[in-house]
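Down below is the structure, laid out as structure tokens.
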Amino acid sequence: MTGSDKDYLFRTPGSLFRRRLWSYFKEMAAIFRSVADDWTVFVYILIPGLLFGGRLYYGLWNEPLPEWASKIPFPIIPLMLLAVASMGGVILLIREADVLFIVQRKRWVRAIMLRGSLYSMAAAALKTAFVFLLILPFLIRQFHESGMLAGSMLAFTIVFGWVHMWIRHLVRVQTSGWRRWLLYIPFVMLPAFFYLTFMIVFKSRSEILLIGTIVLALFVMLLLRMRLRLRGTFMNDVQEDLTRRTRLTAIVLSQSVDKPRRIRRKTWIFRRSRPLFRSVQPSKRIAGTMVKALLRHPGQRSLYLRFAAVSIPVFFLPMPSGVRIIVYAALHLLIVYWLFLQWFSFKEDPFVSLLPWPDDMGIQASILAVRTLLFPYAVIISALILFTSGAMIWIAAIGFIPLAAGVTWVVPEVLRMFMMNKEF
């Protein structure tokens, strides 16, 4: 690359870096718009969420703390900060085409990498500071720590996050496969253990934390110097940069695009292709096929189990009896609605749609399939609401199965009445 810098579109590495950083911001904005492309999302979700969160945060500072706050041990605070500090990553904004153009100008490459490093460190610091502000009321009011100590903890956590971020980056761009995971033990896990130990042992010594912050800051400068002088890792740098830039895209797509399913000779569930119901009626055969199809599908089975797992802790929360009943009914309505959606998806399958059946047969099959899948969930939730409601144990032991059977019979019928416009 020869000639004067004024002959090029970007005359300085700073202008090229700003262009790439702006493009990166636009990529992130496009991803967020793909999730929330309607102004109603901001009006009905984001703004109320910010107002509600602000009110809760105000209450943490000016109102008595919740009862569960007194049961939080101090090691939970550095453990949460460590989790946040470990989320930081390095984005150098290096592109594949650089190997053909500006890689011949070492000064440009170093300048772009330096600016990308500073941006990554600033982003990691802001993320850590935001989470620290959320837990600060507990640190000040619950553990009665001073503002000086809180500031020292924040500074130490931010600088440690930089050290941890750079060590992970250097390991990732220079190794791969089992060697990378083997190096994670001394270079990633041991520093995390050091951070937890240092924070717990010197939790009341702000001067020691500040000295540790200075030492780690000098180490960060050494790691940054090593990074800028590192050679022979250009393609690994590009791959690591691409991984970091597309991480948010991968999270968004993971909720809408299933991973390719591994082809197996036999499924783990219902390995023998026998009818689920003994009856030979077509409606029961179709319902049994739908039940087996849902439970064999990893994504649908996982969602069913996760919904059940999330529902269980709800009934251990202190709630009035009326609220418990409303929550109980709402959970069953939600899962029944989801099961009906799965039925419609099953019916529209190209293979299943080849089987002609009357409308009344489709209604019978859908109700039977939904009831079959609902009953195990209803048994668990009915047992929870009875055993945690303060009723006598023998009444709960006798009544939870009849209650589950009644809910399993009634809720699908009630919800089907509101879905009459759907073709079953």
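Chain labels follow the order of the structure tokens: the first chain is A, the next B, and so on; residue numbering restarts at 1 in every chain, and ligands are counted from 1 in their shown order.
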Worksheet entry | stretch 139-326 of chain A: residues DSSP assigns to alpha helix (DSSP H), reported as an NGL selection string | :A and (147-174 or 177-184 or 190-201 or 206-229 or 234-245 or 247-254 or 282-296 or 298-311 or 321-326)
Enumerate, in order of chain and increasing residue number, the residues of stretch 77-110 of chain A with an atom no farther than 9 Å from stretch 7-26 of chain A, each with its shortest atom pair and distance in Å to one decimal, counting only C-alpha atoms, as CSV.
residue,atom,partner,partner_atom,distance
A:Leu93,CA,A:Arg20,CA,6.7
A:Ile94,CA,A:Arg20,CA,8.9
A:Arg107,CA,A:Pro13,CA,8.4
A:Trp108,CA,A:Pro13,CA,5.3
A:Val109,CA,A:Pro13,CA,7.9
Worksheet entry | Best match for closeness to A:Ile214 among A:Arg115, A:Ala155, A:Trp394, A:Gln300, counting only C-alpha atoms |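 So, comparing all the options, the nearest one is A:Ala155.
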Item to complete: Identify, on the basis of only C-alpha atoms, every residue whose closest approach to stretch 239-248 of chain A does not exceed 12 Å; exclude the query and any residue fewer than 4 positions from it along the same chain; express the result as an NGL selection string.
Response: :A and (20-21 or 23-32 or 34-35 or 87-96 or 113 or 116-117 or 120 or 168-176 or 233-235 or 252-255)
Discussion item. Would you pick out the contacts of stretch 329-344 of chain A at 8 Å or less, using only C-alpha atoms, so that residues sharing its chain but fewer than 2 positions from it are not included, and give the list as a list in words?
Written reply: Met290, Leu294, Ser311, Ile325, Ile326, Val327, Phe346, Lys347, Glu348, Ser366, Val370, Leu373, Leu374, Ala378, Val411, Pro412, Leu415 and Phe424 of chain A
